[in-house]
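Inspection log for the structure reproduced underneath, given as structure tokens.
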Amino acid sequence: MSTDGALARLIRSSADRTATAAAERCELCAAPVPEEHRHLYDRGDDEVRCVCGPCSVLFGDEAAGDGRYRLLPRRRVRLPRVDTEILGVPVGLVFFVPRSDGTVTAEGPSPAGAMRWEVDAAAWQQMVAAFPQLASVAPDVEALLVNTVHGLDHHWIVPVDDCYRMIAVVRREWRGLSGGGRVWPAVERFFEDLTERP
């Protein structure tokens with residue numbers, strides 16, 4: 001294999017990724033969407049979908065689409081320290097999503113994507129009793145996002161698309177077995193860039 005051939009493939013691959021990113025489409029009507037756009041939670045497929053402005057308006061009401069699609073809220077609320085020890089999750093970078101069916105999932109990033117496991121719903125309710133702000137977390141579409149890695153102390157109520165962006169940062173920056181030197185500074189920047197929104 002020649003160096004020129006490998007370099008040409010790398011350039012083509014990069015150009016293809018750029019063209020794909022520029023051509024991002026609404027997953028309902030296929031209209032182009034800008035870089036900053038809204039998302040829907042698809043309860044049927046348990047996925048977050050990109051939507052254009054007009055489609056997002058259609059799903060502003062929770063009853064739209066027979067409840068299958070829910071528009072992700074935009075609010076972000078920084079919380080004081082929340083003691084998540086009761087949930088039994090020994091991970092410092094994790095998010096907790098209460099579900100419509102009463103279950104609660106914990107998800108954390110890994111080099112391969114999100115790891116997900118179910119936490120005790122009764123323990124979640126005990127935590128909500130201790131931290132009443134958590135009662136406002138909208139099922140399926142909002143999460144308690146926690147980062148206590150390396151002595152940090154970030155606790156947020158965020159839309160779940162923020163959580164998936166955080167997972168993408170970890171996947172993009174992770175190197176080798178231990179993560180390398182880029183992943184944790186990138187995660188810290190992600191949290192520094194979060195801003196509160198009503």
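Residue names in the structure tokens use chain letters A, B, ... in the order shown, residue numbers from 1 in each chain, and ligand numbers from 1 in the order shown.
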
- Query: Do you know which residues are at most 7 Å from region 111-121 of chain A counting only C-alpha atoms, after dropping those on the same chain fewer than 5 positions away, and could you put them as number ranges by chain?
  - Reply: A: 87, 102-106, 167, 170-171, 174

Show me, as a compact mmCIF listing (two decimals) with C-alpha atoms, in the first residue's frame, the residues that have an atom within 6 Å of region 134-141 of chain A when counting only C-alpha atoms, minus same-chain residues fewer than 5 positions from it.
# COMPACT_ATOMS: atom_id res chain seq x y z
CA LEU A 72 -36.73 17.16 24.76
CA PRO A 98 -36.30 8.13 35.54
CA ARG A 99 -38.55 6.30 33.09
CA SER A 100 -42.28 6.57 32.41
CA VAL A 128 -35.84 12.48 45.58
CA PRO A 159 -32.09 17.09 28.78
CA VAL A 160 -30.88 13.61 27.83

- Tell me, as a PyMOL selection string, which residues lie within 10 Å of Trp184 (chain A), counting only C-alpha atoms; anything in the same chain fewer than 4 positions away does not count. chain A and resi 149-150+169-170+173-174+179-180+188-190

- Item | Every residue of region 32-121 of chain A that DSSP places in strand (DSSP E), as a PyMOL selection string | chain A and resi 38-42+47-51+69-71+77-78+93-98+104-110+113-119

- Query: Got a sec to tell me which of region 50-84 of chain A DSSP assigns to alpha helix (DSSP H), as a list in words?
  - Reply: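 Restricting region 50-84 of chain A to alpha helix (DSSP H) produces Gly53, Pro54, Cys55, Ser56, Val57 and Leu58 of chain A.
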
- For Val97 (chain A), which residue among A:Pro132, A:Cys163, A:Asp83, A:Pro54 is the nearest when counting only C-alpha atoms?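 Comparing A:Pro132, A:Cys163, A:Asp83, A:Pro54 against Val97 (chain A), the winner is A:Cys163.
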
- Message: Please compute the CA of Glu24 (chain A)-CA of Asp42 (chain A) distance, one decimal, in Å.
- Response: 18.1 Å

- Message: Ranking A:Leu93, A:Val183, A:Leu40, A:Leu58 by minimum distance to Leu71 (chain A) and counting only C-alpha atoms, which one comes first?
- Response: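 Among the listed residues, A:Leu40 lies closest to Leu71 (chain A).
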
- Item | Point-to-point distance from CA of Asp66 (chain A) to CA of Ala122 (chain A), Å rounded to tenths | 28.9 Å

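Every protein, DNA or RNA residue with an atom at most 10 Å from Glu85 (chain A), where only C-alpha atoms count and chain neighbours fewer than 6 positions away do not, is listed here: Val91, Ala123 and Met127 of chain A.
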
Save the residues we just selected, all heavy atoms, as an mmCIF file, in the first residue's frame?
data_model
loop_
_atom_site.group_PDB
_atom_site.id
_atom_site.type_symbol
_atom_site.label_atom_id
_atom_site.label_comp_id
_atom_site.auth_asym_id
_atom_site.auth_seq_id
_atom_site.Cartn_x
_atom_site.Cartn_y
_atom_site.Cartn_z
ATOM 1 N N VAL A 91 -19.640 4.777 40.048
ATOM 2 C CA VAL A 91 -19.046 5.446 38.882
ATOM 3 C C VAL A 91 -19.153 6.949 39.117
ATOM 4 O O VAL A 91 -20.194 7.433 39.562
ATOM 5 C CB VAL A 91 -19.797 5.046 37.590
ATOM 6 C CG1 VAL A 91 -19.246 5.772 36.385
ATOM 7 C CG2 VAL A 91 -19.742 3.541 37.382
ATOM 8 N N ALA A 123 -34.815 3.316 45.890
ATOM 9 C CA ALA A 123 -33.655 4.126 46.290
ATOM 10 C C ALA A 123 -33.719 5.497 45.614
ATOM 11 O O ALA A 123 -33.396 6.518 46.229
ATOM 12 C CB ALA A 123 -32.360 3.404 45.941
ATOM 13 N N MET A 127 -33.880 9.223 47.351
ATOM 14 C CA MET A 127 -33.005 10.326 46.988
ATOM 15 C C MET A 127 -33.835 11.568 46.629
ATOM 16 O O MET A 127 -33.485 12.689 46.989
ATOM 17 C CB MET A 127 -32.087 9.928 45.834
ATOM 18 C CG MET A 127 -30.874 10.834 45.724
ATOM 19 S SD MET A 127 -29.663 10.222 44.567
ATOM 20 C CE MET A 127 -30.448 10.642 43.026
#
